[in-house]
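A.B. asks: I am sharing final.cif, which consists of mmCIF, C-alpha atoms and all ligand atoms:
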data_coords
#
loop_
_atom_site.group_PDB
_atom_site.id
_atom_site.type_symbol
_atom_site.label_atom_id
_atom_site.label_comp_id
_atom_site.auth_asym_id
_atom_site.auth_seq_id
_atom_site.Cartn_x
_atom_site.Cartn_y
_atom_site.Cartn_z
ATOM 1 C CA MET Z 1 0.000 0.000 0.000
ATOM 2 C CA THR Z 2 1.338 3.458 -0.847
ATOM 3 C CA SER Z 3 1.895 5.892 1.990
ATOM 4 C CA ALA Z 4 -0.954 8.094 0.716
ATOM 5 C CA SER Z 5 -3.428 5.229 1.005
ATOM 6 C CA GLN Z 6 -1.997 4.273 4.413
ATOM 7 C CA LEU Z 7 -2.615 7.806 5.567
ATOM 8 C CA LEU Z 8 -6.146 7.759 4.134
ATOM 9 C CA LYS Z 9 -6.839 4.477 5.900
ATOM 10 C CA LYS Z 10 -5.720 5.961 9.230
ATOM 11 C CA LYS Z 11 -7.779 9.102 8.630
ATOM 12 C CA SER Z 12 -10.881 7.159 7.652
ATOM 13 C CA SER Z 13 -10.770 5.046 10.803
ATOM 14 C CA GLU Z 14 -10.522 8.165 12.987
ATOM 15 C CA ASP Z 15 -13.844 9.899 13.331
ATOM 16 C CA SER Z 16 -13.820 11.043 9.747
ATOM 17 C CA SER Z 17 -17.584 11.131 9.515
ATOM 18 C CA LYS Z 18 -17.554 14.159 11.854
ATOM 19 C CA SER Z 19 -14.949 16.101 9.928
ATOM 20 C CA HIS Z 20 -16.722 15.262 6.642
ATOM 21 C CA GLN Z 21 -20.100 16.436 7.961
ATOM 22 C CA SER Z 22 -19.649 20.099 7.185
ATOM 23 C CA PHE Z 23 -18.533 19.378 3.623
ATOM 24 C CA LEU Z 24 -21.349 17.049 2.688
ATOM 25 C CA LEU Z 25 -24.825 18.055 1.572
ATOM 26 C CA THR Z 26 -27.607 17.060 3.975
ATOM 27 C CA GLU Z 27 -29.146 14.667 1.442
ATOM 28 C CA GLU Z 28 -25.723 12.958 1.111
ATOM 29 C CA SER Z 29 -25.030 12.590 4.845
ATOM 30 C CA SER Z 30 -28.011 10.435 5.698
ATOM 31 C CA LEU Z 31 -27.373 7.993 2.839
ATOM 32 C CA ILE Z 32 -23.667 7.857 3.705
ATOM 33 C CA GLN Z 33 -24.350 7.247 7.411
ATOM 34 C CA LYS Z 34 -26.737 4.429 6.637
ATOM 35 C CA PHE Z 35 -24.382 2.836 4.130
ATOM 36 C CA LEU Z 36 -21.412 3.082 6.521
ATOM 37 C CA GLU Z 37 -23.447 1.437 9.246
ATOM 38 C CA LYS Z 38 -25.115 -1.357 7.267
ATOM 39 C CA GLY Z 39 -23.087 -1.764 4.078
ATOM 40 C CA ILE Z 40 -26.358 -1.779 2.144
ATOM 41 C CA VAL Z 41 -29.036 0.763 1.247
ATOM 42 C CA ARG Z 42 -32.325 0.463 -0.594
ATOM 43 C CA VAL Z 43 -33.304 3.511 -2.642
ATOM 44 C CA PRO Z 44 -36.023 4.326 -5.186
ATOM 45 C CA ALA Z 45 -34.956 4.070 -8.827
ATOM 46 C CA GLU Z 46 -33.917 7.544 -9.980
ATOM 47 C CA ASP Z 47 -34.845 6.961 -13.604
ATOM 48 C CA LYS Z 48 -38.028 4.924 -13.786
ATOM 49 C CA VAL Z 49 -38.215 5.292 -17.578
ATOM 50 C CA ALA Z 50 -34.773 3.662 -17.933
ATOM 51 C CA LEU Z 51 -35.746 0.884 -15.513
ATOM 52 C CA ASP Z 52 -38.966 0.151 -17.429
ATOM 53 C CA LYS Z 53 -37.041 0.182 -20.708
ATOM 54 C CA ILE Z 54 -34.598 -2.492 -19.494
ATOM 55 C CA ARG Z 55 -37.357 -4.603 -17.913
ATOM 56 C CA ASP Z 56 -39.463 -4.401 -21.087
ATOM 57 C CA PHE Z 57 -36.459 -5.250 -23.262
ATOM 58 C CA LEU Z 58 -35.866 -8.373 -21.167
ATOM 59 C CA ALA Z 59 -39.524 -9.398 -21.329
ATOM 60 C CA ASP Z 60 -39.721 -8.876 -25.114
ATOM 61 C CA THR Z 61 -36.434 -10.690 -25.755
ATOM 62 C CA ALA Z 62 -37.552 -13.542 -23.485
ATOM 63 C CA ALA Z 63 -40.885 -13.834 -25.319
ATOM 64 C CA SER Z 64 -39.126 -13.914 -28.673
ATOM 65 C CA TRP Z 65 -36.633 -16.601 -27.487
ATOM 66 C CA LEU Z 66 -39.575 -18.667 -26.255
ATOM 67 C CA GLN Z 67 -41.445 -18.073 -29.528
ATOM 68 C CA LEU Z 68 -44.314 -16.422 -27.702
ATOM 69 C CA PRO Z 69 -46.159 -13.266 -28.811
ATOM 70 C CA VAL Z 70 -45.145 -9.923 -27.285
ATOM 71 C CA GLN Z 71 -46.592 -9.829 -23.761
ATOM 72 C CA LYS Z 72 -48.721 -6.958 -22.527
ATOM 73 C CA ASP Z 73 -47.987 -7.148 -18.815
ATOM 74 C CA LYS Z 74 -44.194 -7.474 -18.817
ATOM 75 C CA GLY Z 75 -43.815 -7.734 -15.035
ATOM 76 C CA GLN Z 76 -46.429 -10.452 -14.723
ATOM 77 C CA PHE Z 77 -44.813 -12.365 -17.600
ATOM 78 C CA LEU Z 78 -41.405 -12.284 -15.855
ATOM 79 C CA ASP Z 79 -42.941 -13.299 -12.516
ATOM 80 C CA ASN Z 80 -44.495 -16.326 -14.210
ATOM 81 C CA ILE Z 81 -41.657 -17.315 -16.523
ATOM 82 C CA HIS Z 82 -41.498 -20.765 -14.849
ATOM 83 C CA ASN Z 83 -44.709 -21.590 -16.760
ATOM 84 C CA HIS Z 84 -42.768 -21.243 -20.019
ATOM 85 C CA ILE Z 85 -39.243 -22.530 -19.356
ATOM 86 C CA ASP Z 86 -37.773 -25.745 -18.008
ATOM 87 C CA VAL Z 87 -34.933 -25.707 -15.483
ATOM 88 C CA ASN Z 88 -32.709 -27.622 -17.919
ATOM 89 C CA LYS Z 89 -33.076 -24.840 -20.525
ATOM 90 C CA LEU Z 90 -32.746 -22.032 -18.013
ATOM 91 C CA ASN Z 91 -29.049 -21.374 -18.413
ATOM 92 C CA ASP Z 92 -29.204 -21.210 -22.238
ATOM 93 C CA PHE Z 93 -32.132 -18.858 -21.908
ATOM 94 C CA ARG Z 94 -30.300 -16.679 -19.367
ATOM 95 C CA MET Z 95 -27.127 -16.569 -21.477
ATOM 96 C CA ALA Z 96 -29.141 -15.585 -24.566
ATOM 97 C CA LEU Z 97 -30.651 -12.706 -22.594
ATOM 98 C CA ILE Z 98 -27.264 -11.595 -21.237
ATOM 99 C CA ASN Z 99 -25.880 -11.602 -24.799
ATOM 100 C CA ALA Z 100 -28.847 -9.630 -26.065
ATOM 101 C CA MET Z 101 -28.274 -7.068 -23.287
ATOM 102 C CA LYS Z 102 -24.589 -6.748 -24.282
ATOM 103 C CA GLN Z 103 -25.601 -5.790 -27.792
ATOM 104 C CA GLN Z 104 -27.694 -2.805 -26.704
ATOM 105 C CA SER Z 105 -25.418 0.242 -26.442
ATOM 106 C CA TRP Z 106 -28.121 2.208 -24.567
ATOM 107 C CA LEU Z 107 -28.431 -0.377 -21.839
ATOM 108 C CA ARG Z 108 -25.379 0.290 -19.626
ATOM 109 C CA PRO Z 109 -25.965 4.079 -19.551
ATOM 110 C CA ALA Z 110 -29.628 3.348 -18.736
ATOM 111 C CA TYR Z 111 -28.605 0.975 -15.935
ATOM 112 C CA PHE Z 112 -26.264 3.610 -14.477
ATOM 113 C CA SER Z 113 -28.990 6.264 -14.627
ATOM 114 C CA ILE Z 114 -31.206 4.116 -12.394
ATOM 115 C CA ALA Z 115 -28.986 5.051 -9.420
ATOM 116 C CA ARG Z 116 -26.505 7.618 -10.709
ATOM 117 C CA ARG Z 117 -26.835 10.139 -7.899
ATOM 118 C CA ALA Z 118 -26.678 7.509 -5.148
ATOM 119 C CA ILE Z 119 -23.595 5.907 -6.735
ATOM 120 C CA GLU Z 120 -21.906 9.307 -6.960
ATOM 121 C CA ILE Z 121 -22.627 9.890 -3.279
ATOM 122 C CA LEU Z 122 -21.436 6.457 -2.134
ATOM 123 C CA VAL Z 123 -18.620 5.722 -4.589
ATOM 124 C CA GLY Z 124 -17.535 8.931 -6.311
ATOM 125 C CA ASN Z 125 -18.015 10.789 -9.551
ATOM 126 C CA GLU Z 126 -15.050 9.336 -11.456
ATOM 127 C CA LEU Z 127 -16.214 5.834 -12.008
ATOM 128 C CA VAL Z 128 -15.511 2.573 -13.700
ATOM 129 C CA MET Z 129 -18.434 0.255 -14.405
ATOM 130 C CA GLN Z 130 -18.465 -3.501 -14.934
ATOM 131 C CA ARG Z 131 -18.612 -4.190 -18.677
ATOM 132 C CA ASN Z 132 -21.187 -6.954 -18.403
ATOM 133 C CA ILE Z 133 -24.380 -6.662 -16.437
ATOM 134 C CA ASN Z 134 -25.246 -9.973 -14.760
ATOM 135 C CA LEU Z 135 -28.725 -11.416 -14.859
ATOM 136 C CA SER Z 136 -30.171 -13.794 -12.256
ATOM 137 C CA ILE Z 137 -33.329 -15.797 -12.823
ATOM 138 C CA GLN Z 138 -34.514 -18.006 -9.983
ATOM 139 C CA LEU Z 139 -37.486 -20.190 -10.717
ATOM 140 C CA PRO Z 140 -39.576 -21.390 -7.772
ATOM 141 C CA ASN Z 141 -37.941 -24.384 -6.052
ATOM 142 C CA ASP Z 142 -34.984 -24.492 -8.470
ATOM 143 C CA ASP Z 143 -31.972 -25.585 -6.410
ATOM 144 C CA SER Z 144 -29.533 -25.344 -9.334
ATOM 145 C CA SER Z 145 -29.247 -21.540 -9.490
ATOM 146 C CA THR Z 146 -28.455 -20.607 -5.900
ATOM 147 C CA LEU Z 147 -25.451 -18.569 -4.837
ATOM 148 C CA PRO Z 148 -23.999 -19.820 -1.513
ATOM 149 C CA VAL Z 149 -22.971 -17.342 1.174
ATOM 150 C CA HIS Z 150 -19.940 -15.324 0.048
ATOM 151 C CA SER Z 151 -18.130 -12.032 -0.057
ATOM 152 C CA ASP Z 152 -17.133 -11.298 -3.668
ATOM 153 C CA VAL Z 153 -13.758 -10.087 -2.397
ATOM 154 C CA TRP Z 154 -12.925 -13.746 -1.599
ATOM 155 C CA SER Z 155 -12.956 -14.430 -5.333
ATOM 156 C CA GLY Z 156 -10.981 -11.533 -6.724
ATOM 157 C CA ASP Z 157 -13.161 -8.445 -6.480
ATOM 158 C CA SER Z 158 -11.677 -5.287 -5.021
ATOM 159 C CA PRO Z 159 -13.019 -4.243 -1.595
ATOM 160 C CA TYR Z 160 -13.597 -0.772 -3.104
ATOM 161 C CA GLU Z 161 -16.455 -1.910 -5.346
ATOM 162 C CA VAL Z 162 -20.159 -1.319 -4.821
ATOM 163 C CA VAL Z 163 -22.895 -3.448 -6.401
ATOM 164 C CA LEU Z 164 -25.989 -1.910 -7.954
ATOM 165 C CA TRP Z 165 -28.632 -4.646 -7.638
ATOM 166 C CA VAL Z 166 -31.798 -4.085 -9.642
ATOM 167 C CA PRO Z 167 -34.894 -6.299 -9.391
ATOM 168 C CA TYR Z 168 -37.223 -6.505 -12.423
ATOM 169 C CA VAL Z 169 -40.019 -7.991 -10.279
ATOM 170 C CA ASN Z 170 -41.044 -7.553 -6.631
ATOM 171 C CA CYS Z 171 -38.570 -9.511 -4.488
ATOM 172 C CA TYR Z 172 -39.584 -10.698 -1.025
ATOM 173 C CA GLY Z 173 -38.947 -13.718 1.199
ATOM 174 C CA THR Z 174 -36.661 -16.267 -0.446
ATOM 175 C CA LYS Z 175 -37.282 -14.613 -3.827
ATOM 176 C CA ALA Z 176 -34.964 -11.825 -2.562
ATOM 177 C CA MET Z 177 -31.277 -11.952 -1.626
ATOM 178 C CA TYR Z 178 -30.046 -12.002 1.970
ATOM 179 C CA TYR Z 179 -27.386 -9.734 3.449
ATOM 180 C CA CYS Z 180 -25.540 -10.199 6.730
ATOM 181 C CA ASP Z 181 -25.672 -7.711 9.581
ATOM 182 C CA ALA Z 182 -22.414 -5.700 9.440
ATOM 183 C CA LYS Z 183 -21.364 -6.366 13.064
ATOM 184 C CA VAL Z 184 -22.044 -10.098 12.842
ATOM 185 C CA ASP Z 185 -20.179 -10.186 9.532
ATOM 186 C CA GLU Z 186 -17.139 -8.556 11.098
ATOM 187 C CA LYS Z 187 -17.116 -11.111 13.908
ATOM 188 C CA VAL Z 188 -17.580 -14.119 11.631
ATOM 189 C CA GLN Z 189 -15.107 -12.983 8.941
ATOM 190 C CA GLY Z 190 -12.638 -12.253 11.762
ATOM 191 C CA ASN Z 191 -12.752 -15.967 12.669
ATOM 192 C CA LEU Z 192 -13.295 -17.438 9.242
ATOM 193 C CA GLU Z 193 -10.532 -20.007 9.753
ATOM 194 C CA LYS Z 194 -13.029 -21.825 11.999
ATOM 195 C CA PHE Z 195 -14.962 -22.680 8.845
ATOM 196 C CA GLN Z 196 -11.930 -23.926 6.924
ATOM 197 C CA ASN Z 197 -13.087 -27.562 6.850
ATOM 198 C CA LYS Z 198 -16.776 -26.876 6.981
ATOM 199 C CA SER Z 199 -19.356 -26.457 4.245
ATOM 200 C CA SER Z 200 -20.815 -23.176 3.049
ATOM 201 C CA GLU Z 201 -24.087 -24.420 4.531
ATOM 202 C CA ASP Z 202 -22.359 -24.420 7.950
ATOM 203 C CA LEU Z 203 -21.259 -20.854 7.323
ATOM 204 C CA TYR Z 204 -24.768 -19.881 6.285
ATOM 205 C CA ASN Z 205 -26.226 -21.502 9.403
ATOM 206 C CA ALA Z 206 -23.842 -19.453 11.535
ATOM 207 C CA ILE Z 207 -25.162 -16.164 10.130
ATOM 208 C CA ALA Z 208 -28.711 -17.059 8.985
ATOM 209 C CA LYS Z 209 -30.559 -15.420 11.857
ATOM 210 C CA ASP Z 210 -28.581 -12.208 11.275
ATOM 211 C CA ALA Z 211 -28.806 -12.278 7.477
ATOM 212 C CA PRO Z 212 -32.317 -11.143 6.574
ATOM 213 C CA PHE Z 213 -33.770 -11.316 3.077
ATOM 214 C CA ILE Z 214 -33.885 -7.756 1.763
ATOM 215 C CA GLU Z 215 -37.356 -7.110 0.430
ATOM 216 C CA THR Z 216 -36.991 -4.969 -2.681
ATOM 217 C CA ASN Z 217 -39.906 -4.078 -4.896
ATOM 218 C CA TYR Z 218 -39.834 -3.287 -8.574
ATOM 219 C CA GLY Z 219 -38.950 0.422 -8.719
ATOM 220 C CA GLU Z 220 -36.458 0.118 -5.847
ATOM 221 C CA VAL Z 221 -32.784 -0.863 -6.025
ATOM 222 C CA LEU Z 222 -30.062 -1.970 -3.634
ATOM 223 C CA LEU Z 223 -26.537 -0.624 -3.365
ATOM 224 C CA PHE Z 224 -24.181 -2.707 -1.261
ATOM 225 C CA THR Z 225 -20.569 -3.378 -0.467
ATOM 226 C CA GLN Z 226 -19.784 -6.938 -1.447
ATOM 227 C CA ASN Z 227 -17.220 -7.121 1.388
ATOM 228 C CA ILE Z 228 -20.057 -8.183 3.696
ATOM 229 C CA MET Z 229 -21.414 -11.748 3.304
ATOM 230 C CA HIS Z 230 -24.551 -12.252 1.261
ATOM 231 C CA GLY Z 231 -26.186 -14.752 -1.102
ATOM 232 C CA ASN Z 232 -29.502 -16.382 -1.855
ATOM 233 C CA ARG Z 233 -31.445 -19.577 -1.114
ATOM 234 C CA VAL Z 234 -33.831 -21.733 -3.080
ATOM 235 C CA ASN Z 235 -36.723 -19.496 -4.084
ATOM 236 C CA THR Z 236 -39.680 -21.098 -2.302
ATOM 237 C CA GLU Z 237 -42.112 -18.343 -3.317
ATOM 238 C CA THR Z 238 -44.617 -18.976 -6.108
ATOM 239 C CA GLU Z 239 -43.074 -16.427 -8.512
ATOM 240 C CA SER Z 240 -39.759 -16.296 -10.399
ATOM 241 C CA ARG Z 241 -37.049 -13.868 -9.430
ATOM 242 C CA TRP Z 242 -35.415 -11.631 -12.061
ATOM 243 C CA SER Z 243 -32.598 -9.287 -11.050
ATOM 244 C CA SER Z 244 -29.362 -7.791 -12.325
ATOM 245 C CA ASN Z 245 -26.165 -6.901 -10.531
ATOM 246 C CA CYS Z 246 -23.324 -4.732 -11.758
ATOM 247 C CA ARG Z 247 -20.267 -3.297 -10.027
ATOM 248 C CA PHE Z 248 -19.079 0.309 -9.816
ATOM 249 C CA LYS Z 249 -15.794 1.543 -8.438
ATOM 250 C CA SER Z 250 -13.900 4.779 -8.117
ATOM 251 C CA ALA Z 251 -11.584 4.786 -11.173
ATOM 252 C CA LEU Z 252 -8.390 5.460 -9.226
ATOM 253 C CA SER Z 253 -9.033 3.188 -6.236
ATOM 254 C CA PRO Z 254 -7.043 -0.071 -6.023
ATOM 255 C CA TYR Z 255 -7.935 -2.936 -8.383
ATOM 256 C CA ALA Z 256 -7.838 -6.642 -7.471
ATOM 257 C CA ASP Z 257 -8.188 -9.475 -10.041
ATOM 258 C CA LYS Z 258 -11.002 -7.743 -11.928
ATOM 259 C CA LYS Z 259 -8.974 -5.491 -14.176
ATOM 260 C CA LEU Z 260 -9.580 -2.218 -15.921
ATOM 261 C CA GLY Z 261 -10.247 -2.919 -19.598
ATOM 262 C CA GLU Z 262 -11.198 -6.576 -19.159
ATOM 263 C CA PHE Z 263 -13.797 -6.365 -16.429
ATOM 264 C CA PHE Z 264 -14.260 -2.647 -15.812
ATOM 265 C CA GLU Z 265 -14.580 0.277 -18.175
ATOM 266 C CA PRO Z 266 -14.220 3.967 -17.253
ATOM 267 C CA ILE Z 267 -17.523 5.800 -17.643
ATOM 268 C CA THR Z 268 -17.113 9.235 -16.048
ATOM 269 C CA LEU Z 269 -13.416 10.244 -16.000
ATOM 270 C CA ARG Z 270 -13.078 13.990 -15.404
ATOM 271 C CA PRO Z 271 -10.814 16.293 -17.453
ATOM 272 C CA ALA Z 272 -8.367 16.986 -14.605
ATOM 273 C CA THR Z 273 -7.689 13.252 -14.348
ATOM 274 C CA ARG Z 274 -7.327 12.957 -18.132
ATOM 275 C CA PHE Z 275 -4.781 15.806 -18.096
ATOM 276 C CA GLY Z 276 -2.997 14.158 -15.182
ATOM 277 C CA LEU Z 277 -2.880 10.736 -16.795
ATOM 278 C CA ARG Z 278 -1.415 11.984 -20.044
ATOM 279 C CA TYR Z 279 1.053 14.498 -18.607
ATOM 280 C CA LYS Z 280 4.734 13.733 -19.091
ATOM 281 C CA LEU Z 281 7.233 15.726 -17.056
ATOM 282 C CA PRO Z 282 9.781 17.222 -19.539
ATOM 283 C CA GLU Z 283 13.171 15.541 -19.356
ATOM 284 C CA GLY Z 284 16.561 17.255 -19.484
ATOM 285 C CA PHE Z 285 15.166 20.569 -18.380
ATOM 286 C CA GLU Z 286 15.874 22.067 -14.943
ATOM 287 C CA SER Z 287 13.487 24.799 -13.846
HETATM 288 O O1 LIG H 301 -28.642 -11.738 -6.516
HETATM 289 C C1 LIG H 301 -28.265 -12.380 -5.539
HETATM 290 O O2 LIG H 301 -29.021 -13.116 -4.904
HETATM 291 C C2 LIG H 301 -26.834 -12.293 -5.078
HETATM 292 C C3 LIG H 301 -26.061 -11.322 -5.879
HETATM 293 C C4 LIG H 301 -24.623 -11.249 -5.493
HETATM 294 O O3 LIG H 301 -24.067 -12.074 -4.849
HETATM 295 C C5 LIG H 301 -23.861 -10.081 -5.977
HETATM 296 O O4 LIG H 301 -24.397 -9.282 -6.750
HETATM 297 O O5 LIG H 301 -22.693 -9.937 -5.577
HETATM 298 FE FE FE H 302 -22.030 -11.446 -4.404
#
Write out the structure in this file as structure tokens.
C.D. replies:
Amino acid sequence: MTSASQLLKKKSSEDSSKSHQSFLLTEESSLIQKFLEKGIVRVPAEDKVALDKIRDFLADTAASWLQLPVQKDKGQFLDNIHNHIDVNKLNDFRMALINAMKQQSWLRPAYFSIARRAIEILVGNELVMQRNINLSIQLPNDDSSTLPVHSDVWSGDSPYEVVLWVPYVNCYGTKAMYYCDAKVDEKVQGNLEKFQNKSSEDLYNAIAKDAPFIETNYGEVLLFTQNIMHGNRVNTETESRWSSNCRFKSALSPYADKKLGEFFEPITLRPATRFGLRYKLPEGFES
């Protein structure tokens, strides 16, 4: 770690929230406080038109893949997709939708606009964004698409990233994702060696009562640090879950295995940084 980041780390563990208070706008402080405390916030979608456009694109592409007519009630169609697709075809279907999303140049800017202001407040205004937006579909009682308890940092994500999680249907109960209480997470991750020879189910059982499912309706989104443990279970509700997740990170914060260019792409670099990045100090010239 460079000495500048060591100094920042020291400063941020002192009571930085107090010294920051007078510089932050009131609307920023409450979101920041909540995020610092819990690691996760639920906020209304800032751009409902963009959200509807992505949801409708998914529903129309899904209908076309399934050779069904265009559906009128897109949300209801997604909720009931298990009536049209078999678990053994689910991954092909999901991959086809992810590929279709990749081909739409409007889609990543639209996704960002769903929570732009909140991301700027929590992460910064010079951002990199994950190149591919993930899509999860969890049919009722499908045990093949679950994501066991994890922190994404354990598998190569930088601890500086924040996930924007967007549901395309109302998510509640086991149709939602769960997220561990920050204090319990700190305790358990501090003693993770205890779970070395145990299963991820053992780890889940250790946190389950402190890892509530985060009810998130269509029109709301979650922003969370993936440093804290989270995951999902078999969806035992009667409707299918549809959600996306995509990572954002301050462009100049440290990278882990997920590299700039391959995994992340700059989206809002500011001119001062562009000047800085391309400046070369003249050689052979003493001032
Ligand atoms: O969607 C979920 O249930 C989990 C998502 C997740 O693990 C992530 O976005 O990092
Ligand atoms: Fe995750």
A.B. asks: Name each residue within 9 Å of ligand FE 302 (chain H), counting only C-alpha atoms and all ligand atoms, as an mmCIF file with C-alpha atoms, in the frame of the given file.
C.D. replies:
data_model
loop_
_atom_site.group_PDB
_atom_site.id
_atom_site.type_symbol
_atom_site.label_atom_id
_atom_site.label_comp_id
_atom_site.auth_asym_id
_atom_site.auth_seq_id
_atom_site.Cartn_x
_atom_site.Cartn_y
_atom_site.Cartn_z
ATOM 1 C CA LEU Z 147 -25.451 -18.569 -4.837
ATOM 2 C CA VAL Z 149 -22.971 -17.342 1.174
ATOM 3 C CA HIS Z 150 -19.940 -15.324 0.048
ATOM 4 C CA SER Z 151 -18.130 -12.032 -0.057
ATOM 5 C CA ASP Z 152 -17.133 -11.298 -3.668
ATOM 6 C CA VAL Z 153 -13.758 -10.087 -2.397
ATOM 7 C CA VAL Z 163 -22.895 -3.448 -6.401
ATOM 8 C CA GLN Z 226 -19.784 -6.938 -1.447
ATOM 9 C CA ASN Z 227 -17.220 -7.121 1.388
ATOM 10 C CA ILE Z 228 -20.057 -8.183 3.696
ATOM 11 C CA MET Z 229 -21.414 -11.748 3.304
ATOM 12 C CA HIS Z 230 -24.551 -12.252 1.261
ATOM 13 C CA GLY Z 231 -26.186 -14.752 -1.102
ATOM 14 C CA ASN Z 245 -26.165 -6.901 -10.531
#
A.B. asks: Which of these residues is nearest to ligand LIG 301 (chain H), using all atoms listed in the file: Z:Leu127, Z:Cys246, Z:Ala50, Z:Cys171?
C.D. replies: Z:Cys246
A.B. asks: Looking at Z:Pro167, Z:Pro140, Z:Pro159, Z:Gly124, which one is nearest to ligand LIG 301 (chain H), with distances taken over all atoms listed in the file?
C.D. replies: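 Smallest distance to ligand LIG 301 (chain H) is found for Z:Pro167.
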A.B. asks: Pick from Z:Asn217, Z:Asn141, Z:Thr273, Z:Thr146: nearest to Asn232 (chain Z), with only C-alpha atoms counted?
C.D. replies: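 Among the listed residues, Z:Thr146 lies closest to Asn232 (chain Z).
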A.B. asks: Would you mind reading off the distance between CA of Arg247 (chain Z) and CA of Asp73 (chain Z), one decimal, in Å?
C.D. replies: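 Rounded to one decimal, the two atoms are 29.3 Å apart.
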A.B. asks: Could you tell me, as number ranges by chain, which residues have any atom at most 12 Å from (-27.1, -2.0, 0.6), counting all atoms listed in the file?
C.D. replies: Z: 31-43, 118-119, 122, 162-166, 177-182, 213-216, 220-230
A.B. asks: Run the PyMOL selection byres (((chain Z and resi 104) around 12) and not hetatm) on the file and write out the hits as a PDB file with C-alpha atoms, in the frame of the given file.
C.D. replies:
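Saved the output as selection38.pdb:
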ATOM      1  CA  LYS Z  53     -37.041   0.182 -20.708  1.00  0.00           C
ATOM      2  CA  ILE Z  54     -34.598  -2.492 -19.494  1.00  0.00           C
ATOM      3  CA  PHE Z  57     -36.459  -5.250 -23.262  1.00  0.00           C
ATOM      4  CA  LEU Z  58     -35.866  -8.373 -21.167  1.00  0.00           C
ATOM      5  CA  THR Z  61     -36.434 -10.690 -25.755  1.00  0.00           C
ATOM      6  CA  LEU Z  97     -30.651 -12.706 -22.594  1.00  0.00           C
ATOM      7  CA  ILE Z  98     -27.264 -11.595 -21.237  1.00  0.00           C
ATOM      8  CA  ASN Z  99     -25.880 -11.602 -24.799  1.00  0.00           C
ATOM      9  CA  ALA Z 100     -28.847  -9.630 -26.065  1.00  0.00           C
ATOM     10  CA  MET Z 101     -28.274  -7.068 -23.287  1.00  0.00           C
ATOM     11  CA  LYS Z 102     -24.589  -6.748 -24.282  1.00  0.00           C
ATOM     12  CA  GLN Z 103     -25.601  -5.790 -27.792  1.00  0.00           C
ATOM     13  CA  SER Z 105     -25.418   0.242 -26.442  1.00  0.00           C
ATOM     14  CA  TRP Z 106     -28.121   2.208 -24.567  1.00  0.00           C
ATOM     15  CA  LEU Z 107     -28.431  -0.377 -21.839  1.00  0.00           C
ATOM     16  CA  ARG Z 108     -25.379   0.290 -19.626  1.00  0.00           C
ATOM     17  CA  PRO Z 109     -25.965   4.079 -19.551  1.00  0.00           C
ATOM     18  CA  ALA Z 110     -29.628   3.348 -18.736  1.00  0.00           C
ATOM     19  CA  TYR Z 111     -28.605   0.975 -15.935  1.00  0.00           C
ATOM     20  CA  ASN Z 132     -21.187  -6.954 -18.403  1.00  0.00           C
ATOM     21  CA  ILE Z 133     -24.380  -6.662 -16.437  1.00  0.00           C
TER      22      ILE Z 133
END
A.B. asks: Rank Z:Glu161, Z:Asp79, Z:Asp60, Z:Glu126 by their smallest atom-to-atom distance to ligand LIG 301 (chain H), using all atoms listed in the file, and report the top residue only.
C.D. replies: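 When distances to ligand LIG 301 (chain H) are compared using all atoms listed in the file, the smallest one comes from Z:Glu161.
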A.B. asks: Of the residues Z:Arg131, Z:Arg94, Z:Lys187, Z:Lys194, which is the one nearest to Glu262 (chain Z), using only C-alpha atoms?
C.D. replies: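 Once distances to Glu262 (chain Z) are computed over only C-alpha atoms, the minimum belongs to Z:Arg131.
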A.B. asks: Nearest residue to Lys48 (chain Z) out of Z:Ile85, Z:Ile121, Z:Tyr218, Z:Tyr172, using all atoms listed in the file?
C.D. replies: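 For Lys48 (chain Z), the nearest of the candidates is Z:Tyr218.
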A.B. asks: Run the PyMOL selection byres (((chain Z and resi 135) around 6) and not hetatm) against the file shown and list the residues it catches, as a PyMOL selection string.
C.D. replies: chain Z and resi 134+136+243-244
A.B. asks: Skip Lys258 (chain Z) itself and residues of its chain fewer than 4 positions away, then list as a VMD selection string all residues within 7 Å of it, counting all atoms listed in the file.
C.D. replies: chain Z and resid 156 to 157 263
A.B. asks: Please define a box with edges along x, y and z of the file around all atoms of ligand LIG 301 (chain H) given in the file, extend it by 6 Å on each side, and return its centre and edge lengths in Å to one decimal, as JSON.
C.D. replies:
{"center_x": -25.9, "center_y": -11.2, "center_z": -5.8, "size_x": 18.3, "size_y": 15.8, "size_z": 13.9}
A.B. asks: Mind giving me the straight-line distance from CA of Lys74 (chain Z) to CA of Arg55 (chain Z) in Å, one decimal?
C.D. replies: 7.5 Å
A.B. asks: What's the separation between CA of Ala4 (chain Z) and CA of Leu277 (chain Z), in Å to one decimal place?
C.D. replies: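 Result for CA of Ala4 (chain Z) versus CA of Leu277 (chain Z): 17.8 Å, one decimal.
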A.B. asks: Can you give me, as a PyMOL selection string, the residues this file yields under the PyMOL selection byres (((chain Z and resi 139) around 10) and not hetatm)?
C.D. replies: chain Z and resi 79-83+85-87+90+136-138+140-145+175+234-242
